[in-house]
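J.: Provided herewith is a single structure, encoded as structure tokens, for subsequent inquiry.
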Amino acid sequence: MDLLLRLLAGELRLAGGGQNGIYSNRPADAAGYRAFRQAVLHLSSIQDRHQLFAEPLMFEREWLLPAAAVAAEHLAELEKDYTVDLLPQSGQVRLKKRVVGRIVLTNYDPAQLSNAERQRLHEEAGQGADNDVGVDIRAGYPGGEWPLHGVFRLRSFHNVLNFIGQGLGDEPEFAVDKHPATPEVRENPVRTLALEMDGDGGELSVEFGGHNYALPAETGYQWNREGFRLLCQIFQMTVANLNQQGAPAITIAK
């Protein structure tokens, strides 16, 4: 989780608990970068204990309609997408639908929450951008010694590459210690994806623009190899076959 968020998240936006603020994942913003890294490390410590949940919120929406407003021939159509209950005493029809909501990172099983609470979290997460991933770390659960509530705002693949490139020169990453409330974590490398320019080369290397770039064969190589693999997977997810996307056909006359 820490590698994924350090690559993909551009900032952490916290709200509530006296922690309101926007913390940027950019070394140029030293204070914001330090807070971002500490929050990601805290999530990593929860994951190390197998207590981090990263899944969409599941809940039910419910509507009440006057029975007279729903014709009998429409009930069969409604039953394809909804659970339909007739309420003779109130003269109403109740429609229920299971909804797959926004993804939220939590230190508890969201299924333990009431339906109304899950719906509230979904609607709160939905107030932000489409590229926001909610986080709700609560007291009373593993990692609750430092509660966090807000969203991680994901960045584009172009900005992911720009972040890695800036780390080679203009904005090098720096070491960040864990938050005092965070237990020990297994890995906390300085750089999200360490690249070596014009070095001796390694198992993974490429020449570009007169320079040689490689994953350095040093401590943390496995982390860097995993980061490179993840980067390749993200790239594949951003590439679409235009023929499968309904792109217009262009004919060039000879």
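Naming works like this for the structure tokens: A, B, ... for the chains as they're shown, residue 1 at the start of each chain, ligands 1 onward in shown order.
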Quick one: residues within 7 Å of region 117-131 of chain A, only C-alpha atoms counted, chain neighbours fewer than 4 positions away excluded, as an MDAnalysis selection string?
T.: chainID A and resid 57 59 101:102 113 153:154
J.: Store the residues of this selection in a file with N, CA, C and O atoms, as a short mmCIF file (atom, residue, chain, number, x, y, z; two decimals), in the first residue's frame.
T.:
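New file selection_11.cif:
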```
data_model
loop_
_atom_site.label_atom_id
_atom_site.label_comp_id
_atom_site.auth_asym_id
_atom_site.auth_seq_id
_atom_site.Cartn_x
_atom_site.Cartn_y
_atom_site.Cartn_z
N LEU A 57 -17.48 0.45 -0.65
CA LEU A 57 -18.56 0.39 0.34
C LEU A 57 -19.80 -0.22 -0.31
O LEU A 57 -20.21 0.17 -1.40
N PHE A 59 -23.85 -0.91 0.18
CA PHE A 59 -25.00 -0.50 0.98
C PHE A 59 -26.27 -0.60 0.14
O PHE A 59 -26.21 -0.84 -1.07
N GLY A 101 -20.37 1.20 -3.79
CA GLY A 101 -19.98 2.59 -3.64
C GLY A 101 -18.50 2.85 -3.83
O GLY A 101 -17.77 2.07 -4.44
N ARG A 102 -18.04 3.97 -3.27
CA ARG A 102 -16.66 4.41 -3.41
C ARG A 102 -15.72 3.55 -2.57
O ARG A 102 -16.12 2.98 -1.56
N LEU A 113 -20.41 -1.65 9.94
CA LEU A 113 -21.15 -0.40 10.07
C LEU A 113 -22.61 -0.60 9.67
O LEU A 113 -22.95 -1.53 8.93
N ARG A 153 -5.79 12.04 -3.07
CA ARG A 153 -6.13 12.44 -4.44
C ARG A 153 -5.08 11.86 -5.39
O ARG A 153 -3.89 12.16 -5.29
N LEU A 154 -5.53 10.99 -6.28
CA LEU A 154 -4.62 10.31 -7.21
C LEU A 154 -4.23 11.24 -8.35
O LEU A 154 -4.98 12.15 -8.72
#
```
J.: Among the residues of region 69-101 of chain A, find those DSSP assigns to strand (DSSP E) from the backbone and print them as a ChimeraX atom specification.
T.: /A:83-87,92-101
J.: Identify, on the basis of only C-alpha atoms, every residue whose closest approach to Pro180 (chain A) does not exceed 12 Å; exclude the query and any residue fewer than 4 positions from it along the same chain; express the result as a list in words.
T.: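 The neighbour list is Ala35, Gln38, Ala39, Leu41, His42, Gly143, Glu145, Trp146, Val176 and Glu184 of chain A.
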J.: Can you spit out the residues from that selection as a PDB file, in the first residue's frame, using N, CA and C atoms?
T.:
```pdb
ATOM      1  N   ALA A  35       4.467  15.021   6.135  1.00  0.00           N
ATOM      2  CA  ALA A  35       3.189  14.563   6.694  1.00  0.00           C
ATOM      3  C   ALA A  35       2.571  13.480   5.813  1.00  0.00           C
ATOM      4  N   GLN A  38       4.438  10.199   6.355  1.00  0.00           N
ATOM      5  CA  GLN A  38       4.132   9.608   7.662  1.00  0.00           C
ATOM      6  C   GLN A  38       2.761   8.941   7.642  1.00  0.00           C
ATOM      7  N   ALA A  39       1.785   9.568   6.986  1.00  0.00           N
ATOM      8  CA  ALA A  39       0.449   8.973   6.908  1.00  0.00           C
ATOM      9  C   ALA A  39       0.481   7.669   6.118  1.00  0.00           C
ATOM     10  N   LEU A  41       3.089   5.693   5.756  1.00  0.00           N
ATOM     11  CA  LEU A  41       3.768   4.711   6.601  1.00  0.00           C
ATOM     12  C   LEU A  41       2.818   4.142   7.650  1.00  0.00           C
ATOM     13  N   HIS A  42       1.945   4.997   8.173  1.00  0.00           N
ATOM     14  CA  HIS A  42       0.998   4.530   9.184  1.00  0.00           C
ATOM     15  C   HIS A  42       0.045   3.500   8.580  1.00  0.00           C
ATOM     16  N   GLY A 143      -4.085   0.629  14.637  1.00  0.00           N
ATOM     17  CA  GLY A 143      -3.689   1.860  13.970  1.00  0.00           C
ATOM     18  C   GLY A 143      -4.486   3.063  14.419  1.00  0.00           C
ATOM     19  N   GLU A 145      -4.364   4.620  17.068  1.00  0.00           N
ATOM     20  CA  GLU A 145      -3.642   5.559  17.915  1.00  0.00           C
ATOM     21  C   GLU A 145      -3.346   6.864  17.163  1.00  0.00           C
ATOM     22  N   TRP A 146      -3.444   6.834  15.847  1.00  0.00           N
ATOM     23  CA  TRP A 146      -3.354   8.061  15.043  1.00  0.00           C
ATOM     24  C   TRP A 146      -4.508   8.045  14.039  1.00  0.00           C
ATOM     25  N   VAL A 176      12.273  10.258   5.664  1.00  0.00           N
ATOM     26  CA  VAL A 176      11.218  10.704   6.588  1.00  0.00           C
ATOM     27  C   VAL A 176      11.018   9.622   7.640  1.00  0.00           C
ATOM     28  N   GLU A 184       6.764   0.034  14.409  1.00  0.00           N
ATOM     29  CA  GLU A 184       7.809  -0.216  13.425  1.00  0.00           C
ATOM     30  C   GLU A 184       7.206  -0.744  12.116  1.00  0.00           C
TER      31      GLU A 184
END
```
J.: Determine, using only C-alpha atoms, which residues of region 91-174 of chain A have any atom at most 9 Å from an atom of region 80-87 of chain A, and tabulate each with its shortest atom pair and distance in Å to one decimal place, rows ordered by chain and then rising number, as a Markdown table.
T.:
```
| residue | atom | partner | partner_atom | distance |
| --- | --- | --- | --- | --- |
| A:Gly91 | CA | A:Leu87 | CA | 5.8 |
| A:Gln92 | CA | A:Leu87 | CA | 5.2 |
| A:Val93 | CA | A:Leu86 | CA | 4.8 |
| A:Arg94 | CA | A:Asp85 | CA | 5.1 |
| A:Leu95 | CA | A:Val84 | CA | 4.9 |
| A:Lys96 | CA | A:Thr83 | CA | 4.9 |
| A:Lys97 | CA | A:Tyr82 | CA | 5.0 |
| A:Arg98 | CA | A:Tyr82 | CA | 8.1 |
```
J.: With distances taken over only C-alpha atoms, which residue among A:Arg191, A:Arg229, A:His149, A:Arg138 lies nearest Pro27 (chain A)?
T.: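 Answer, going by the shortest atom-to-atom distance: A:Arg191.
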J.: Hey, which of A:Asp198, A:Thr192, A:Leu215, A:Asn162 ends up closest to Leu4 (chain A)? Count only C-alpha atoms.
T.: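 Closest to Leu4 (chain A) of all the choices is A:Thr192.
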J.: Measuring atom to atom with only C-alpha atoms, identify which of A:Asn224, A:Asn115, A:Ser205, A:Gln47 is nearest to Leu7 (chain A).
T.: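 That would be A:Asn224, the residue with the smallest distance to Leu7 (chain A).
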J.: I'd like the contact shell of Trp223 (chain A) - 12 Å cut-off, only C-alpha atoms, skipping same-chain residues fewer than 3 positions apart - returned as a PyMOL selection string.
T.: chain A and resi 2-4+186-195+215-220+226-230
